[in-house]
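Peer 1: Sending over a structure as structure tokens; questions will come in a sec.
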Protein chains: 2
Amino acid sequence: MQDSRISEAVISRLPKYYRYLSELEAKETQRVSSSKMSADMGLNASQIRRDLNCFGGFGQQGYGYQVENLKSEIMKILGIGKKYTAVVVGAGNIGQALFKYKNFAEEGYHLAAIFDADQSVVENEIEGVTVRPIEELEDFVVSNNVNLGVITAPKQHAQRIADELVLLGVKGIWNFAPVDVVARRGVCVENVHLSDSLFVLSYRMRTIEEV
Amino acid sequence: MQDSRISEAVISRLPKYYRYLSELEAKETQRVSSSKMSADMGLNASQIRRDLNCFGGFGQQGYGYQVENLKSEIMKILGIGKKYTAVVVGAGNIGQALFKYKNFAEEGYHLAAIFDADQSVVENEIEGVTVRPIEELEDFVVSNNVNLGVITAPKQHAQRIADELVLLGVKGIWNFAPVDVVARRGVCVENVHLSDSLFVLSYRMRTIEEV
């Protein structure tokens with residue numbers, strides 16, 4: 001793998017390739033050409049070839065890509081299938097929704113516990129799991145080797161929670177609070193802004209109306 | 001506005017500029033330089049200038065950008081503040097979370113009703129609003145001039161729901177089911193895959209570990 005040279009733009013497309021190849025695999029398709037991928041995925045075929053070449057490229061002229069190999073290579077690059085243990089901090093709507101979402105576990109991301117500072121939601125049962133008081137966060141993270149923190153708390157608490165998680169040794173922060181949290185070097189952060197895709201959608205709707 | 005020439009990459013960064021400028025405005029900051037934006041946003045200053053130049057560029061040498069003007073221009077381009085009326089189809093965890101999320105209404109996106117096909121969730125109260133049976137979708141969309149459909153139903157129903165919404169005249173589909181839905185020309189679709197950002201996060205975590 002030559003992934004130190006993989007650009008951000010290519011990385012951001014890898015999940016899409018991964019999803020597409022998973023679907024092909026489910027249909028027991030064994031190989032696929034870049035032109036078929038292009039038609040199905042709405043990406044330019046030469047871009048697909050360039051993207052996949054970044055990490056060694058398994059395509060063969062007249063044969064295409066071997067689905068299983070390519071998928072497993074992309075999984076390795078993305079770190080899918082490695083075991084991650086995560087905590088969710090904030091048991092509001094989004095927190096509960098993520099915590100109940102089963103697909104994450106299948107990909108290797110184990111959401112082990114959910115915490116809240118609000119006494120009235122603590123001890124609520126969510127799919128058979130109890131919401132824990134925030135005071136137990138430290139013990140839980142340390143004793144369960146938690147390496148990933150999911151923040152679904154209100155905006156004004158997000159950075160403080162991130163700081164605490166980092167202090168406890170978490171290596172990645174997946175933040176859903178509508179603010180960009182930051183972490184020290186060596187800790188990775190993905191700030192998810194659900195509205196962003198809504199804005200892009202309304203941009204497209206507006207431009208179509210005006211055509 | 002010269003937005004017919006704005007590239008996809010620039011469009012995808014506009015929500016981030018919008019959020020940043022909103023924060024500046026909340027702090028009553030009246031102007032900002034591209035180098036200050038660069039430091040705060042973690043983007044290259046010359047890229048920022050190029051991006052903002054795409055739609056006329058209001059920066060002035062030695063003065064920077066006028067925050068209020070720039071924000072309102074970006075809002076116009078993104079179509080924020082226009083009134084959208086949306087329905088949410090699927091009252092599961094994600095559907096409920098989105099439906100309860102108040103920020104959307106503030107930006108002009110009114111989530112007017114939530115529907116489900118499952119009799120056992122229909123008539124549940126969510127923040128004072130009743131989950132409606134899917135059979136009422138047609139009447140509701142037509143009588144309320146709904147122009148946006150949010151799909152939060154299981155994967156296997158997503159495309160059928162999208163087709164129905166399009167048939168009823170909806171102009172945009174914001175899909176959260178973990179499958180890419182498609183629509184005919186003239187209808188815009190944003191497929192949101194929550195796991196994608198998790199995969200990108202684990203990629204970064206993996207590469208940091210290996211350094």
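Residue numbers start at 1 in each chain; chains themselves are named A, B, ... in the order of the structure tokens; ligands are numbered from 1 in the order shown.
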Please identify which residues in region 48-102 of chain B DSSP calls helix (DSSP H, G or I) from the backbone, and express them as an NGL selection string.

Peer 2: :B and (48-53 or 67-78 or 93-100)

Peer 1: Could you build a table of the residues in chain A lying no more than 8 Å from chain B, giving for each the nearest pair of atoms and their separation in Å rounded to one decimal place, using only C-alpha atoms, ordered by chain and ascending residue number, as JSON lines?

Peer 2:
{"residue": "A:Ser4", "atom": "CA", "partner": "B:Thr207", "partner_atom": "CA", "distance": 7.9}
{"residue": "A:Ile11", "atom": "CA", "partner": "B:Val200", "partner_atom": "CA", "distance": 6.9}
{"residue": "A:Ser12", "atom": "CA", "partner": "B:Val200", "partner_atom": "CA", "distance": 6.7}
{"residue": "A:Pro15", "atom": "CA", "partner": "B:Asp196", "partner_atom": "CA", "distance": 5.4}
{"residue": "A:Lys16", "atom": "CA", "partner": "B:Asp196", "partner_atom": "CA", "distance": 7.5}
{"residue": "A:Ile77", "atom": "CA", "partner": "B:Tyr203", "partner_atom": "CA", "distance": 6.4}
{"residue": "A:Leu78", "atom": "CA", "partner": "B:Tyr203", "partner_atom": "CA", "distance": 4.2}
{"residue": "A:Gly79", "atom": "CA", "partner": "B:Tyr203", "partner_atom": "CA", "distance": 5.3}
{"residue": "A:Ile80", "atom": "CA", "partner": "B:Phe199", "partner_atom": "CA", "distance": 6.7}
{"residue": "A:Asn93", "atom": "CA", "partner": "B:Ala97", "partner_atom": "CA", "distance": 4.6}
{"residue": "A:Ile94", "atom": "CA", "partner": "B:Ala97", "partner_atom": "CA", "distance": 5.4}
{"residue": "A:Gln96", "atom": "CA", "partner": "B:Asn93", "partner_atom": "CA", "distance": 7.2}
{"residue": "A:Ala97", "atom": "CA", "partner": "B:Asn93", "partner_atom": "CA", "distance": 4.6}
{"residue": "A:Leu98", "atom": "CA", "partner": "B:Ile94", "partner_atom": "CA", "distance": 7.9}
{"residue": "A:Lys100", "atom": "CA", "partner": "B:Asn93", "partner_atom": "CA", "distance": 7.7}
{"residue": "A:Phe104", "atom": "CA", "partner": "B:Ser195", "partner_atom": "CA", "distance": 7.5}
{"residue": "A:Lys171", "atom": "CA", "partner": "B:Met205", "partner_atom": "CA", "distance": 6.7}
{"residue": "A:Gly172", "atom": "CA", "partner": "B:Met205", "partner_atom": "CA", "distance": 6.4}
{"residue": "A:Ile173", "atom": "CA", "partner": "B:Leu201", "partner_atom": "CA", "distance": 8.0}
{"residue": "A:Trp174", "atom": "CA", "partner": "B:Leu198", "partner_atom": "CA", "distance": 7.0}
{"residue": "A:Gly186", "atom": "CA", "partner": "B:Ile208", "partner_atom": "CA", "distance": 6.5}
{"residue": "A:Val187", "atom": "CA", "partner": "B:Met205", "partner_atom": "CA", "distance": 7.4}
{"residue": "A:Cys188", "atom": "CA", "partner": "B:Met205", "partner_atom": "CA", "distance": 6.1}
{"residue": "A:Val189", "atom": "CA", "partner": "B:Leu201", "partner_atom": "CA", "distance": 6.8}
{"residue": "A:Glu190", "atom": "CA", "partner": "B:Leu201", "partner_atom": "CA", "distance": 6.0}
{"residue": "A:Val192", "atom": "CA", "partner": "B:Ser197", "partner_atom": "CA", "distance": 7.4}
{"residue": "A:Ser195", "atom": "CA", "partner": "B:Phe104", "partner_atom": "CA", "distance": 7.5}
{"residue": "A:Asp196", "atom": "CA", "partner": "B:Pro15", "partner_atom": "CA", "distance": 5.4}
{"residue": "A:Ser197", "atom": "CA", "partner": "B:Glu190", "partner_atom": "CA", "distance": 6.7}
{"residue": "A:Leu198", "atom": "CA", "partner": "B:Trp174", "partner_atom": "CA", "distance": 7.0}
{"residue": "A:Phe199", "atom": "CA", "partner": "B:Leu78", "partner_atom": "CA", "distance": 5.8}
{"residue": "A:Val200", "atom": "CA", "partner": "B:Leu78", "partner_atom": "CA", "distance": 6.5}
{"residue": "A:Leu201", "atom": "CA", "partner": "B:Glu190", "partner_atom": "CA", "distance": 6.0}
{"residue": "A:Ser202", "atom": "CA", "partner": "B:Gly79", "partner_atom": "CA", "distance": 5.5}
{"residue": "A:Tyr203", "atom": "CA", "partner": "B:Leu78", "partner_atom": "CA", "distance": 4.2}
{"residue": "A:Arg204", "atom": "CA", "partner": "B:Cys188", "partner_atom": "CA", "distance": 6.4}
{"residue": "A:Met205", "atom": "CA", "partner": "B:Cys188", "partner_atom": "CA", "distance": 6.1}
{"residue": "A:Arg206", "atom": "CA", "partner": "B:Gly79", "partner_atom": "CA", "distance": 6.1}
{"residue": "A:Thr207", "atom": "CA", "partner": "B:Ser4", "partner_atom": "CA", "distance": 7.9}
{"residue": "A:Ile208", "atom": "CA", "partner": "B:Gly186", "partner_atom": "CA", "distance": 6.5}

Peer 1: Taking 3 positions as the minimum chain separation for residues in the same chain, which residues sit within 10 Å of Val122 (chain B) when counting only C-alpha atoms? Answer as a list in words.

Peer 2: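 Listed by chain and then number, they are Ala91, Ile114, Phe115, Asp116, Ala117, Asp118, Gln119, Glu125, Thr130, Val131, Arg132, Pro133 and Ile134 of chain B.
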
Peer 1: Provide the CA of Gln159 (chain A) to CA of Lys102 (chain B) distance in Å, to one decimal place.

Peer 2: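 Atom-to-atom, CA of Gln159 (chain A) to CA of Lys102 (chain B), that is 21.1 Å.
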
Peer 1: Could you give me, as an NGL selection string, each residue of region 34-198 of chain B that DSSP assigns to strand (DSSP E or B) when run on this structure's backbone?

Peer 2: :B and (60 or 64-66 or 80 or 82 or 84-89 or 109-116 or 125-126 or 129-133 or 148-151 or 172-175 or 188-191)

Peer 1: Extract, using only C-alpha atoms, all DNA, RNA and protein residues at most 9 Å from Thr85 (chain A), discarding same-chain residues fewer than 6 positions from it, and format them as a compact mmCIF listing (two decimals) with all heavy atoms, in the first residue's frame.

Peer 2:
# COMPACT_ATOMS: atom_id res chain seq x y z
N GLY A 108 -17.18 -3.33 12.26
CA GLY A 108 -16.07 -3.40 13.22
C GLY A 108 -16.05 -2.27 14.24
O GLY A 108 -15.12 -2.18 15.05
N TYR A 109 -17.04 -1.38 14.18
CA TYR A 109 -17.09 -0.25 15.12
C TYR A 109 -18.09 -0.59 16.22
O TYR A 109 -19.30 -0.55 15.99
CB TYR A 109 -17.51 1.03 14.40
CG TYR A 109 -16.65 1.36 13.20
CD1 TYR A 109 -16.98 0.86 11.94
CD2 TYR A 109 -15.51 2.14 13.33
CE1 TYR A 109 -16.18 1.14 10.83
CE2 TYR A 109 -14.71 2.43 12.23
CZ TYR A 109 -15.05 1.92 10.99
OH TYR A 109 -14.27 2.19 9.90
N HIS A 110 -17.58 -0.92 17.38
CA HIS A 110 -18.45 -1.34 18.47
C HIS A 110 -18.80 -0.15 19.36
O HIS A 110 -17.92 0.40 20.03
CB HIS A 110 -17.75 -2.45 19.28
CG HIS A 110 -18.49 -2.84 20.51
ND1 HIS A 110 -19.83 -3.17 20.50
CD2 HIS A 110 -18.08 -2.96 21.79
CE1 HIS A 110 -20.21 -3.47 21.74
NE2 HIS A 110 -19.16 -3.35 22.54
N LEU A 111 -20.04 0.27 19.33
CA LEU A 111 -20.49 1.36 20.19
C LEU A 111 -20.84 0.75 21.54
O LEU A 111 -21.92 0.18 21.71
CB LEU A 111 -21.67 2.11 19.56
CG LEU A 111 -21.31 3.24 18.57
CD1 LEU A 111 -20.30 2.81 17.55
CD2 LEU A 111 -22.55 3.81 17.89
N ALA A 112 -19.93 0.87 22.48
CA ALA A 112 -20.01 0.06 23.71
C ALA A 112 -20.91 0.66 24.78
O ALA A 112 -21.50 -0.07 25.56
CB ALA A 112 -18.60 -0.14 24.28
N ASN A 144 -12.17 -0.16 29.31
CA ASN A 144 -12.59 -0.88 28.10
C ASN A 144 -11.74 -0.56 26.87
O ASN A 144 -12.12 -0.91 25.77
CB ASN A 144 -14.07 -0.59 27.81
CG ASN A 144 -14.98 -1.17 28.86
OD1 ASN A 144 -15.35 -2.35 28.81
ND2 ASN A 144 -15.32 -0.37 29.87
N ASN A 145 -10.60 0.08 27.09
CA ASN A 145 -9.73 0.45 25.97
C ASN A 145 -10.48 1.12 24.84
O ASN A 145 -10.33 0.77 23.67
CB ASN A 145 -9.02 -0.80 25.42
CG ASN A 145 -8.05 -1.36 26.41
OD1 ASN A 145 -7.25 -0.62 26.99
ND2 ASN A 145 -8.12 -2.66 26.64
N VAL A 146 -11.30 2.07 25.19
CA VAL A 146 -12.06 2.80 24.18
C VAL A 146 -11.09 3.64 23.35
O VAL A 146 -10.24 4.34 23.91
CB VAL A 146 -13.12 3.69 24.86
CG1 VAL A 146 -13.75 4.65 23.85
CG2 VAL A 146 -14.18 2.82 25.53
N ASN A 147 -11.17 3.55 22.01
CA ASN A 147 -10.26 4.34 21.18
C ASN A 147 -10.97 5.37 20.30
O ASN A 147 -10.32 6.13 19.58
CB ASN A 147 -9.35 3.44 20.33
CG ASN A 147 -10.11 2.34 19.63
OD1 ASN A 147 -11.34 2.34 19.60
ND2 ASN A 147 -9.38 1.39 19.06
N LEU A 148 -12.30 5.40 20.40
CA LEU A 148 -13.08 6.29 19.52
C LEU A 148 -14.19 6.94 20.34
O LEU A 148 -14.89 6.25 21.09
CB LEU A 148 -13.66 5.43 18.40
CG LEU A 148 -14.41 6.07 17.27
CD1 LEU A 148 -13.50 6.98 16.45
CD2 LEU A 148 -14.98 4.98 16.36
N GLY A 149 -14.33 8.24 20.21
CA GLY A 149 -15.40 8.95 20.92
C GLY A 149 -16.38 9.57 19.94
O GLY A 149 -15.97 10.22 18.97

Peer 1: Just want the 8 Å neighbourhood of region 66-74 of chain A, counted on only C-alpha atoms, with same-chain residues fewer than 3 positions away dropped. Output as a PyMOL selection string.

Peer 2: chain A and resi 14+17-18+21-22+24-25+29-32+58-59+77-78

Peer 1: Mind writing the picked residues with N, CA, C and O atoms as a PDB file, in the first residue's frame?

Peer 2:
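out.pdb, written as the output of this step:
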ATOM      1  N   LEU A  14     -13.129   6.842  -1.393  1.00  0.00           N
ATOM      2  CA  LEU A  14     -12.954   5.410  -1.111  1.00  0.00           C
ATOM      3  C   LEU A  14     -14.195   4.774  -0.455  1.00  0.00           C
ATOM      4  O   LEU A  14     -14.552   3.648  -0.815  1.00  0.00           O
ATOM      5  N   TYR A  17     -16.500   3.749  -3.188  1.00  0.00           N
ATOM      6  CA  TYR A  17     -16.039   2.525  -3.861  1.00  0.00           C
ATOM      7  C   TYR A  17     -16.335   1.305  -2.985  1.00  0.00           C
ATOM      8  O   TYR A  17     -16.770   0.263  -3.466  1.00  0.00           O
ATOM      9  N   TYR A  18     -16.077   1.459  -1.707  1.00  0.00           N
ATOM     10  CA  TYR A  18     -16.292   0.343  -0.784  1.00  0.00           C
ATOM     11  C   TYR A  18     -17.760  -0.099  -0.804  1.00  0.00           C
ATOM     12  O   TYR A  18     -18.066  -1.289  -0.892  1.00  0.00           O
ATOM     13  N   LEU A  21     -18.559  -1.804  -4.211  1.00  0.00           N
ATOM     14  CA  LEU A  21     -17.982  -3.148  -4.323  1.00  0.00           C
ATOM     15  C   LEU A  21     -18.701  -4.125  -3.399  1.00  0.00           C
ATOM     16  O   LEU A  21     -18.876  -5.299  -3.740  1.00  0.00           O
ATOM     17  N   SER A  22     -19.157  -3.651  -2.246  1.00  0.00           N
ATOM     18  CA  SER A  22     -19.921  -4.516  -1.333  1.00  0.00           C
ATOM     19  C   SER A  22     -21.210  -4.973  -1.992  1.00  0.00           C
ATOM     20  O   SER A  22     -21.625  -6.122  -1.842  1.00  0.00           O
ATOM     21  N   LEU A  24     -21.709  -5.232  -5.266  1.00  0.00           N
ATOM     22  CA  LEU A  24     -21.352  -6.205  -6.314  1.00  0.00           C
ATOM     23  C   LEU A  24     -21.104  -7.572  -5.691  1.00  0.00           C
ATOM     24  O   LEU A  24     -21.546  -8.599  -6.202  1.00  0.00           O
ATOM     25  N   GLU A  25     -20.405  -7.573  -4.576  1.00  0.00           N
ATOM     26  CA  GLU A  25     -20.082  -8.829  -3.911  1.00  0.00           C
ATOM     27  C   GLU A  25     -21.356  -9.547  -3.468  1.00  0.00           C
ATOM     28  O   GLU A  25     -21.480 -10.760  -3.606  1.00  0.00           O
ATOM     29  N   THR A  29     -20.961 -10.804  -8.051  1.00  0.00           N
ATOM     30  CA  THR A  29     -20.215 -10.363  -9.220  1.00  0.00           C
ATOM     31  C   THR A  29     -18.730 -10.472  -8.898  1.00  0.00           C
ATOM     32  O   THR A  29     -18.286 -10.024  -7.844  1.00  0.00           O
ATOM     33  N   GLN A  30     -17.956 -11.089  -9.797  1.00  0.00           N
ATOM     34  CA  GLN A  30     -16.558 -11.341  -9.475  1.00  0.00           C
ATOM     35  C   GLN A  30     -15.589 -10.318 -10.047  1.00  0.00           C
ATOM     36  O   GLN A  30     -14.520 -10.101  -9.499  1.00  0.00           O
ATOM     37  N   ARG A  31     -15.967  -9.704 -11.169  1.00  0.00           N
ATOM     38  CA  ARG A  31     -15.080  -8.676 -11.695  1.00  0.00           C
ATOM     39  C   ARG A  31     -15.882  -7.531 -12.292  1.00  0.00           C
ATOM     40  O   ARG A  31     -17.060  -7.688 -12.637  1.00  0.00           O
ATOM     41  N   VAL A  32     -15.239  -6.399 -12.417  1.00  0.00           N
ATOM     42  CA  VAL A  32     -15.926  -5.204 -12.896  1.00  0.00           C
ATOM     43  C   VAL A  32     -14.919  -4.321 -13.624  1.00  0.00           C
ATOM     44  O   VAL A  32     -13.760  -4.205 -13.225  1.00  0.00           O
ATOM     45  N   PHE A  58      -5.363  -2.862  -9.238  1.00  0.00           N
ATOM     46  CA  PHE A  58      -5.412  -4.271  -9.587  1.00  0.00           C
ATOM     47  C   PHE A  58      -6.110  -4.523 -10.913  1.00  0.00           C
ATOM     48  O   PHE A  58      -6.396  -5.652 -11.270  1.00  0.00           O
ATOM     49  N   GLY A  59      -6.406  -3.429 -11.638  1.00  0.00           N
ATOM     50  CA  GLY A  59      -7.110  -3.590 -12.906  1.00  0.00           C
ATOM     51  C   GLY A  59      -6.229  -4.215 -13.967  1.00  0.00           C
ATOM     52  O   GLY A  59      -5.027  -3.988 -13.997  1.00  0.00           O
ATOM     53  N   ILE A  77      -7.146  -0.130   3.584  1.00  0.00           N
ATOM     54  CA  ILE A  77      -6.746   1.281   3.579  1.00  0.00           C
ATOM     55  C   ILE A  77      -7.604   2.104   4.528  1.00  0.00           C
ATOM     56  O   ILE A  77      -7.111   2.908   5.304  1.00  0.00           O
ATOM     57  N   LEU A  78      -8.919   1.859   4.474  1.00  0.00           N
ATOM     58  CA  LEU A  78      -9.825   2.642   5.318  1.00  0.00           C
ATOM     59  C   LEU A  78      -9.782   2.193   6.783  1.00  0.00           C
ATOM     60  O   LEU A  78     -10.280   2.885   7.659  1.00  0.00           O
TER      61      LEU A  78
END

Peer 1: In Å, rounded to a single decimal, give me how far CA of Leu137 (chain A) is from CA of Val170 (chain A).

Peer 2: 11.8 Å

Peer 1: Can you tell me, as an MDAnalysis selection string, what residues are no more than 7 Å from Ser33 (chain B) when counting only C-alpha atoms, ignoring any on the same chain fewer than 5 positions away?

Peer 2: chainID B and resid 63:65

Peer 1: Include all heavy atoms and write out the residues we just selected as a compact mmCIF listing (two decimals), in the first residue's frame.

Peer 2:
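Written out: out04.txt:
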# COMPACT_ATOMS: atom_id res chain seq x y z
N TYR B 63 -8.23 45.16 3.23
CA TYR B 63 -9.47 45.31 4.01
C TYR B 63 -10.06 43.94 4.31
O TYR B 63 -10.50 43.65 5.40
CB TYR B 63 -10.47 46.16 3.23
CG TYR B 63 -11.81 46.31 3.93
CD1 TYR B 63 -12.03 47.35 4.83
CD2 TYR B 63 -12.85 45.40 3.71
CE1 TYR B 63 -13.25 47.47 5.48
CE2 TYR B 63 -14.06 45.52 4.36
CZ TYR B 63 -14.26 46.57 5.25
OH TYR B 63 -15.45 46.68 5.90
N GLY B 64 -10.02 43.07 3.30
CA GLY B 64 -10.59 41.74 3.47
C GLY B 64 -12.03 41.69 3.00
O GLY B 64 -12.43 42.47 2.12
N TYR B 65 -12.78 40.78 3.57
CA TYR B 65 -14.16 40.58 3.15
C TYR B 65 -15.11 41.20 4.18
O TYR B 65 -14.87 41.11 5.38
CB TYR B 65 -14.47 39.09 3.02
CG TYR B 65 -13.65 38.41 1.96
CD1 TYR B 65 -12.44 37.81 2.27
CD2 TYR B 65 -14.09 38.38 0.64
CE1 TYR B 65 -11.67 37.20 1.29
CE2 TYR B 65 -13.34 37.78 -0.35
CZ TYR B 65 -12.12 37.18 -0.02
OH TYR B 65 -11.38 36.57 -0.99
